[in-house]
>>> print(open('entry-v5.cif').read())   # mmCIF, C-alpha atoms
data_coords
loop_
_atom_site.label_atom_id
_atom_site.label_comp_id
_atom_site.auth_asym_id
_atom_site.auth_seq_id
_atom_site.Cartn_x
_atom_site.Cartn_y
_atom_site.Cartn_z
CA CYS S 1 0.00 0.00 0.00
CA SER S 2 1.15 3.54 -0.60
CA LEU S 3 0.15 7.09 0.29
CA PRO S 4 -0.44 10.04 -2.03
CA ASP S 5 3.06 11.39 -2.57
CA PHE S 6 4.58 14.84 -2.31
CA THR S 7 7.87 16.33 -3.48
CA ARG S 8 10.52 18.64 -2.11
CA ASP S 9 11.23 22.07 -3.49
CA PRO S 10 14.29 21.51 -5.72
CA LYS S 11 15.65 24.96 -4.82
CA THR S 12 15.61 24.63 -1.04
CA GLY S 13 15.12 20.92 -0.40
CA LYS S 14 12.78 21.83 2.46
CA ALA S 15 9.30 22.85 1.38
CA LYS S 16 7.04 19.93 0.47
CA TRP S 17 4.72 20.25 -2.48
CA THR S 18 1.64 18.14 -3.05
CA SER S 19 0.39 16.66 -6.30
CA ASN S 20 -2.04 19.59 -6.36
CA GLY S 21 0.89 22.00 -6.72
CA LYS S 22 0.43 23.48 -3.25
CA PRO S 23 2.68 23.59 -0.18
CA TYR S 24 1.91 20.54 1.95
CA GLN S 25 1.01 22.52 5.06
CA GLU S 26 -1.56 24.58 3.12
CA ASP S 27 -3.17 21.72 1.22
CA ILE S 28 -5.83 20.54 3.67
CA VAL S 29 -7.52 18.33 1.07
CA PHE S 30 -4.25 16.50 0.45
CA GLN S 31 -3.63 16.03 4.19
CA VAL S 32 -7.11 14.59 4.68
CA GLU S 33 -6.61 12.25 1.72
CA ARG S 34 -3.38 10.88 3.19
CA SER S 35 -4.93 10.53 6.65
CA GLU S 36 -7.96 8.68 5.29
CA THR S 37 -5.67 6.37 3.28
CA ILE S 38 -3.81 5.47 6.48
CA GLN S 39 -7.11 4.83 8.25
CA THR S 40 -8.36 2.59 5.43
CA HIS S 41 -5.21 0.48 5.44
CA LEU S 42 -5.23 0.13 9.21
CA ARG S 43 -8.85 -1.03 9.20
CA ASP S 44 -8.30 -3.44 6.30
CA ILE S 45 -5.02 -4.94 7.52
CA ARG S 46 -5.43 -4.73 11.31
CA PRO S 47 -1.66 -5.14 11.74
CA ASP S 48 0.10 -6.73 14.70
CA ALA S 49 2.41 -3.71 14.77
CA PHE S 50 2.24 -0.20 13.32
CA ILE S 51 5.63 1.51 13.07
CA THR S 52 6.41 5.13 12.31
CA GLU S 53 9.88 6.48 11.60
CA THR S 54 10.72 9.76 13.39
CA TRP S 55 7.15 11.03 13.91
CA PRO S 56 6.15 12.26 16.47
CA LEU S 57 9.74 12.95 17.58
CA GLY S 58 10.13 15.08 14.47
CA LYS S 59 8.38 15.90 11.20
CA GLY S 60 5.66 17.74 13.10
CA HIS S 61 3.92 18.73 9.87
CA PHE S 62 2.58 15.16 9.79
CA ASP S 63 0.45 15.88 12.87
CA ALA S 64 -2.34 16.88 10.51
CA GLU S 65 -2.62 13.38 9.05
CA MET S 66 -1.30 11.11 11.79
CA ILE S 67 -3.29 12.31 14.81
CA PRO S 68 -6.70 12.07 13.05
CA ALA S 69 -5.71 8.64 11.69
CA LEU S 70 -4.75 7.28 15.12
CA GLU S 71 -7.81 8.77 16.77
CA ALA S 72 -10.19 7.40 14.13
CA THR S 73 -8.77 3.87 14.28
CA LYS S 74 -8.56 3.39 18.05
CA ASP S 75 -11.18 0.67 17.81
CA VAL S 76 -9.09 -1.46 15.42
CA LEU S 77 -5.71 -0.71 17.03
CA ASP S 78 -6.61 -2.26 20.37
CA GLY S 79 -4.46 -5.33 19.61
CA THR S 80 -1.85 -3.48 17.56
CA GLU S 81 1.50 -2.47 19.05
CA LEU S 82 2.37 1.08 18.08
CA ILE S 83 6.12 1.59 17.76
CA CYS S 84 8.07 4.74 17.00
CA ILE S 85 11.63 4.54 15.65
CA GLY S 86 13.85 7.50 16.47
CA ARG S 87 17.38 8.54 15.61
CA ASP S 88 20.28 8.22 18.02
CA ILE S 89 20.73 12.02 17.95
CA MET S 90 17.43 13.91 17.84
CA HIS S 91 18.89 17.41 17.65
CA TYR S 92 22.52 18.44 17.33
CA PRO S 93 23.32 20.35 20.55
CA ASN S 94 26.45 22.01 19.13
CA HIS S 95 24.78 23.25 15.97
CA ARG S 96 21.10 23.61 16.73
CA PRO S 97 19.38 24.65 19.96
CA HIS S 98 17.04 22.26 21.72
CA LEU S 99 13.39 22.66 20.83
CA PRO S 100 11.75 22.19 24.25
CA SER S 101 8.21 23.04 23.13
CA SER S 102 8.18 20.58 20.23
CA ASP S 103 10.00 17.97 22.34
CA LYS S 104 7.34 18.28 25.05
CA ARG S 105 4.57 17.80 22.48
CA ALA S 106 6.37 14.78 21.02
CA ALA S 107 6.62 13.19 24.48
CA GLU S 108 2.90 13.78 25.03
CA LEU S 109 2.02 12.15 21.69
CA LEU S 110 4.23 9.16 22.45
CA ASN S 111 2.58 8.69 25.83
CA THR S 112 -0.90 9.04 24.33
CA TYR S 113 -0.64 6.74 21.32
CA TYR S 114 2.47 4.57 21.45
CA ASP S 115 3.59 1.41 23.23
CA ARG S 116 7.33 1.48 22.59
CA LEU S 117 10.11 3.76 21.35
CA LEU S 118 13.09 2.22 19.57
CA ILE S 119 16.23 4.34 19.23
CA THR S 120 18.44 3.22 16.35
CA GLY S 121 21.63 3.60 18.29
CA ASP S 122 23.71 2.45 21.24
CA SER S 123 23.14 4.09 24.61
CA ARG S 124 26.84 3.60 25.39
CA LEU S 125 27.55 6.19 22.69
CA PHE S 126 24.56 8.54 22.86
CA THR S 127 21.53 8.61 25.12
CA MET S 128 18.25 10.22 24.25
CA GLU S 129 18.60 12.59 27.20
CA GLU S 130 21.60 14.23 25.53
CA SER S 131 19.66 15.55 22.54
CA PHE S 132 15.96 15.50 23.47
CA ALA S 133 14.84 18.07 26.02
CA HIS S 134 11.86 16.11 27.40
CA ALA S 135 13.23 12.57 27.38
CA ILE S 136 12.46 12.26 31.08
CA ASP S 137 8.74 12.81 30.34
CA ILE S 138 8.45 9.78 28.06
CA GLN S 139 6.54 7.12 29.99
CA ILE S 140 6.61 4.25 27.49
CA PRO S 141 9.54 1.78 27.28
CA VAL S 142 12.58 3.15 25.44
CA GLU S 143 14.92 0.60 23.87
CA TYR S 144 18.21 0.81 21.98
CA PRO S 145 18.37 -2.09 19.48
CA GLY S 146 21.64 -0.79 18.02
CA TYR S 147 22.63 0.28 14.52
CA PHE S 148 21.36 -1.52 11.45
CA ILE S 149 23.99 -2.19 8.81
CA SER S 150 24.32 -4.41 5.78
CA PRO S 151 26.97 -7.15 5.65
CA PRO S 152 30.19 -5.86 4.04
CA PRO S 153 30.44 -6.73 0.36
CA THR S 154 33.02 -9.18 -0.88
CA PRO S 155 36.15 -7.16 -1.79
CA ASN S 156 36.89 -6.83 -5.46
CA ALA S 157 40.19 -8.68 -5.80
CA THR S 158 41.00 -6.91 -9.06
CA LEU S 159 41.19 -3.47 -7.43
CA ALA S 160 44.47 -2.25 -6.04
CA GLU S 161 44.41 -0.57 -2.63
CA HIS S 162 45.02 2.90 -4.11
CA GLU S 163 41.99 2.41 -6.40
CA ARG S 164 39.55 1.79 -3.57
CA GLU S 165 37.31 4.56 -2.22
CA VAL S 166 35.41 5.54 0.91
CA ILE S 167 31.92 6.91 0.32
CA VAL S 168 30.57 9.59 2.67
CA ASN S 169 26.82 9.81 2.10
CA THR S 170 25.19 12.97 3.48
CA GLY S 171 21.60 11.84 2.88
CA GLY S 172 18.85 13.58 1.00
CA GLY S 173 18.31 16.79 2.97
CA TYR S 174 20.18 19.95 3.88
CA LEU S 175 20.35 22.18 6.96
CA PRO S 176 22.46 25.34 6.65
CA GLY S 177 25.63 25.21 8.72
CA GLN S 178 24.92 21.85 10.31
CA TYR S 179 25.71 19.65 7.32
CA GLU S 180 28.80 21.61 6.32
CA THR S 181 30.19 20.97 9.80
CA LEU S 182 29.36 17.27 9.56
CA ILE S 183 31.18 16.97 6.23
CA LYS S 184 34.24 18.81 7.56
CA ASP S 185 34.32 16.53 10.60
CA ALA S 186 34.13 13.45 8.37
CA ILE S 187 36.99 14.68 6.20
CA GLN S 188 39.11 15.56 9.24
CA ALA S 189 38.47 12.08 10.66
CA ARG S 190 39.98 10.54 7.53
CA LYS S 191 43.52 10.63 8.88
CA ASN S 192 42.45 8.66 11.97
CA THR S 193 40.95 5.75 10.04
CA PRO S 194 42.54 2.62 8.51
CA HIS S 195 41.49 4.00 5.11
CA SER S 196 43.32 7.32 5.17
CA ASN S 197 45.25 6.36 2.02
CA ARG S 198 42.08 5.91 -0.03
CA LYS S 199 40.14 8.50 -2.00
CA TRP S 200 37.13 9.79 -0.04
CA ARG S 201 34.13 10.66 -2.16
CA VAL S 202 31.44 12.86 -0.52
CA LEU S 203 27.93 12.47 -1.95
CA LEU S 204 25.74 15.59 -1.67
CA SER S 205 22.01 15.74 -2.32
CA GLU S 206 20.43 18.10 -4.84
CA ALA S 207 19.20 20.17 -1.89
CA TYR S 208 22.70 21.56 -1.30
CA PRO S 209 23.08 25.14 -2.57
CA ALA S 210 25.51 25.60 -5.45
CA ALA S 211 27.76 27.79 -3.27
CA VAL S 212 28.19 24.94 -0.78
CA ARG S 213 28.65 22.28 -3.45
CA SER S 214 31.46 24.25 -5.09
CA LYS S 215 33.61 24.38 -1.93
#
>>> encode(input="entry-v5.cif", output="structure tokens")
Amino acid sequence: CSLPDFTRDPKTGKAKWTSNGKPYQEDIVFQVERSETIQTHLRDIRPDAFITETWPLGKGHFDAEMIPALEATKDVLDGTELICIGRDIMHYPNHRPHLPSSDKRAAELLNTYYDRLLITGDSRLFTMEESFAHAIDIQIPVEYPGYFISPPPTPNATLAEHEREVIVNTGGGYLPGQYETLIKDAIQARKNTPHSNRKWRVLLSEAYPAAVRSK
């Protein structure tokens, strides 16, 4: 099953545009359509588990479709475990201030609708309390299942060591200042890795401004 899709503004990488050609947050008809689609699938499937990635810890613009969907399907979700998956670092303390008001609302939504919160990380490295202002207010179980990675590929025996590369993938978004710092940190870390003699290739999304991409 799939939801009506939207796209990002190619110039900024931030604003989301609906198939109606309107900004997502202004297109009430589109929001209702997505919410009703979620409700229909939940009623038809009656899943053992319903998992959301990030929301309600972030992506607050989805409140408009998710809250009505969860409220309208309470009767069929009685036996369904609601699970939220969150990142190991919610906000970057050194580059972006905490958002206590949105964090408080996220904690309230978790407590109201969810059964478990899974943090894709290791609490020995980062704890939720370090980057989420209202972690102490979350009343549901919080678990750290670790990082999910794919098995390493079989090395290509025909490539010489100097021909091998390290890929640094920055993802599909862009936040001014924050991502530039992350890339610089990755490049500076190169000399401390076993692969410092290899070429490092940094992949940037289309959302990066031309001025940043040219550096």
>>> residues_near_point(input="entry-v5.cif", point="(24.7, 9.3, 19.8)", cutoff="6 Å", atoms="all atoms listed in the file", output="compact mmCIF listing (two decimals) with C-alpha atoms, keeping the file's coordinate frame")
# COMPACT_ATOMS: atom_id res chain seq x y z
CA ASP S 88 20.28 8.22 18.02
CA ILE S 89 20.73 12.02 17.95
CA LEU S 125 27.55 6.19 22.69
CA PHE S 126 24.56 8.54 22.86
>>> resolve_selection(input="entry-v5.cif", expression="the PyMOL selection byres ((chain S and resi 53-70) around 8)", output="list in words")
Gln25, Gln31, Val32, Arg34, Ser35, Glu36, Ile38, Gln39, Ile51, Thr52, Glu71, Ala72, Thr73, Lys74, Cys84, Ile85, Gly86, Arg87, Met90, Asp103, Ala106, Ala107, Leu109, Leu110 and Tyr113 of chain S
>>> resolve_selection(input="entry-v5.cif", expression="the PyMOL selection byres ((chain S and resi 19) around 12)", output="PyMOL selection string")
chain S and resi 3-8+16-18+20-24+27+29-31+33-34
>>> write_last_selection(input="entry-v5.cif", atoms="C-alpha atoms", output="PDB file, in the coordinates of the input")
ATOM      1  CA  LEU S   3       0.150   7.090   0.290  1.00  0.00           C
ATOM      2  CA  PRO S   4      -0.440  10.040  -2.030  1.00  0.00           C
ATOM      3  CA  ASP S   5       3.060  11.390  -2.570  1.00  0.00           C
ATOM      4  CA  PHE S   6       4.580  14.840  -2.310  1.00  0.00           C
ATOM      5  CA  THR S   7       7.870  16.330  -3.480  1.00  0.00           C
ATOM      6  CA  ARG S   8      10.520  18.640  -2.110  1.00  0.00           C
ATOM      7  CA  LYS S  16       7.040  19.930   0.470  1.00  0.00           C
ATOM      8  CA  TRP S  17       4.720  20.250  -2.480  1.00  0.00           C
ATOM      9  CA  THR S  18       1.640  18.140  -3.050  1.00  0.00           C
ATOM     10  CA  ASN S  20      -2.040  19.590  -6.360  1.00  0.00           C
ATOM     11  CA  GLY S  21       0.890  22.000  -6.720  1.00  0.00           C
ATOM     12  CA  LYS S  22       0.430  23.480  -3.250  1.00  0.00           C
ATOM     13  CA  PRO S  23       2.680  23.590  -0.180  1.00  0.00           C
ATOM     14  CA  TYR S  24       1.910  20.540   1.950  1.00  0.00           C
ATOM     15  CA  ASP S  27      -3.170  21.720   1.220  1.00  0.00           C
ATOM     16  CA  VAL S  29      -7.520  18.330   1.070  1.00  0.00           C
ATOM     17  CA  PHE S  30      -4.250  16.500   0.450  1.00  0.00           C
ATOM     18  CA  GLN S  31      -3.630  16.030   4.190  1.00  0.00           C
ATOM     19  CA  GLU S  33      -6.610  12.250   1.720  1.00  0.00           C
ATOM     20  CA  ARG S  34      -3.380  10.880   3.190  1.00  0.00           C
TER      21      ARG S  34
END
>>> atom_distance(input="entry-v5.cif", atom1="CA of Ile119 (chain S)", atom2="CA of Leu182 (chain S)")
20.8 Å
>>> residues_around(input="entry-v5.cif", residues="Gly172 (chain S)", least_positions_apart="3", cutoff="10 Å", atoms="all atoms listed in the file", output="list of chain:residue names")
S:Gly13, S:Asn169, S:Leu203, S:Leu204, S:Ser205, S:Glu206, S:Ala207, S:Tyr208
>>> atom_distance(input="entry-v5.cif", atom1="CA of Ser123 (chain S)", atom2="CA of Glu143 (chain S)")
9.0 Å
>>> resolve_selection(input="entry-v5.cif", expression="the PyMOL selection byres ((chain S and resi 137) around 10)", output="list in words")
Asp103, Lys104, Ala106, Ala107, Glu108, Leu110, Asn111, Ala133, His134, Ala135, Ile136, Ile138, Gln139 and Ile140 of chain S
>>> write_last_selection(input="entry-v5.cif", atoms="C-alpha atoms", output="JSON list (two decimals), in the frame of the given file")
[["chain", "number", "residue", "atom", "x", "y", "z"],
["S", 103, "ASP", "CA", 10.00, 17.97, 22.34],
["S", 104, "LYS", "CA", 7.34, 18.28, 25.05],
["S", 106, "ALA", "CA", 6.37, 14.78, 21.02],
["S", 107, "ALA", "CA", 6.62, 13.19, 24.48],
["S", 108, "GLU", "CA", 2.90, 13.78, 25.03],
["S", 110, "LEU", "CA", 4.23, 9.16, 22.45],
["S", 111, "ASN", "CA", 2.58, 8.69, 25.83],
["S", 133, "ALA", "CA", 14.84, 18.07, 26.02],
["S", 134, "HIS", "CA", 11.86, 16.11, 27.40],
["S", 135, "ALA", "CA", 13.23, 12.57, 27.38],
["S", 136, "ILE", "CA", 12.46, 12.26, 31.08],
["S", 138, "ILE", "CA", 8.45, 9.78, 28.06],
["S", 139, "GLN", "CA", 6.54, 7.12, 29.99],
["S", 140, "ILE", "CA", 6.61, 4.25, 27.49]]
>>> atom_distance(input="entry-v5.cif", atom1="CA of His91 (chain S)", atom2="CA of Asp122 (chain S)")
16.1 Å
>>> closest_residue(input="entry-v5.cif", among="S:Ile167, S:Met128, S:Leu159, S:Ala49", to="Ile83 (chain S)", atoms="all atoms listed in the file")
S:Ala49
>>> closest_residue(input="entry-v5.cif", among="S:Glu161, S:Asp185, S:Glu130, S:Glu180", to="Val212 (chain S)", atoms="only C-alpha atoms")
S:Glu180
>>> axis_aligned_box(input="entry-v5.cif", around="region 122-138 of chain S", padding_each_side="6 Å", output="JSON")
{"center_x": 18.0, "center_y": 10.3, "center_z": 26.2, "size_x": 31.1, "size_y": 27.6, "size_z": 21.8}
>>> closest_residue(input="entry-v5.cif", among="S:Ser101, S:Thr37, S:Thr120, S:Ser2", to="Phe148 (chain S)", atoms="all atoms listed in the file")
S:Thr120
>>> decode(input="entry-v5.cif", residues="region 68-82 of chain S", atoms="N, CA, C and O atoms", output="compact mmCIF listing (two decimals), in the first residue's frame")
# COMPACT_ATOMS: atom_id res chain seq x y z
N PRO S 68 -5.34 12.51 13.41
CA PRO S 68 -6.70 12.07 13.05
C PRO S 68 -6.76 10.58 12.71
O PRO S 68 -7.74 9.90 13.05
N ALA S 69 -5.71 10.06 12.07
CA ALA S 69 -5.71 8.64 11.69
C ALA S 69 -5.67 7.75 12.93
O ALA S 69 -6.41 6.76 13.02
N LEU S 70 -4.84 8.09 13.91
CA LEU S 70 -4.75 7.28 15.12
C LEU S 70 -6.00 7.40 15.97
O LEU S 70 -6.44 6.43 16.59
N GLU S 71 -6.59 8.58 16.00
CA GLU S 71 -7.81 8.77 16.77
C GLU S 71 -8.97 7.99 16.15
O GLU S 71 -9.76 7.35 16.85
N ALA S 72 -9.05 8.03 14.82
CA ALA S 72 -10.19 7.40 14.13
C ALA S 72 -10.10 5.88 14.11
O ALA S 72 -11.11 5.22 13.86
N THR S 73 -8.92 5.33 14.36
CA THR S 73 -8.77 3.87 14.28
C THR S 73 -8.48 3.24 15.64
O THR S 73 -7.99 2.11 15.71
N LYS S 74 -8.79 3.95 16.71
CA LYS S 74 -8.56 3.39 18.05
C LYS S 74 -9.24 2.04 18.23
O LYS S 74 -8.72 1.14 18.88
N ASP S 75 -10.42 1.91 17.62
CA ASP S 75 -11.18 0.67 17.81
C ASP S 75 -10.50 -0.53 17.18
O ASP S 75 -10.64 -1.67 17.66
N VAL S 76 -9.74 -0.32 16.08
CA VAL S 76 -9.09 -1.46 15.42
C VAL S 76 -7.63 -1.61 15.85
O VAL S 76 -6.99 -2.60 15.50
N LEU S 77 -7.11 -0.65 16.59
CA LEU S 77 -5.71 -0.71 17.03
C LEU S 77 -5.57 -1.27 18.44
O LEU S 77 -4.46 -1.27 18.99
N ASP S 78 -6.64 -1.76 18.99
CA ASP S 78 -6.61 -2.26 20.37
C ASP S 78 -5.58 -3.37 20.54
O ASP S 78 -4.90 -3.47 21.54
N GLY S 79 -5.43 -4.24 19.52
CA GLY S 79 -4.46 -5.33 19.61
C GLY S 79 -3.19 -5.07 18.82
O GLY S 79 -2.36 -5.96 18.65
N THR S 80 -3.02 -3.84 18.36
CA THR S 80 -1.85 -3.48 17.56
C THR S 80 -0.83 -2.75 18.42
O THR S 80 -1.17 -1.83 19.16
N GLU S 81 0.43 -3.16 18.32
CA GLU S 81 1.50 -2.47 19.05
C GLU S 81 1.98 -1.30 18.20
O GLU S 81 2.39 -1.48 17.05
N LEU S 82 1.91 -0.12 18.78
CA LEU S 82 2.37 1.08 18.08
C LEU S 82 3.81 1.37 18.50
O LEU S 82 4.09 1.53 19.69
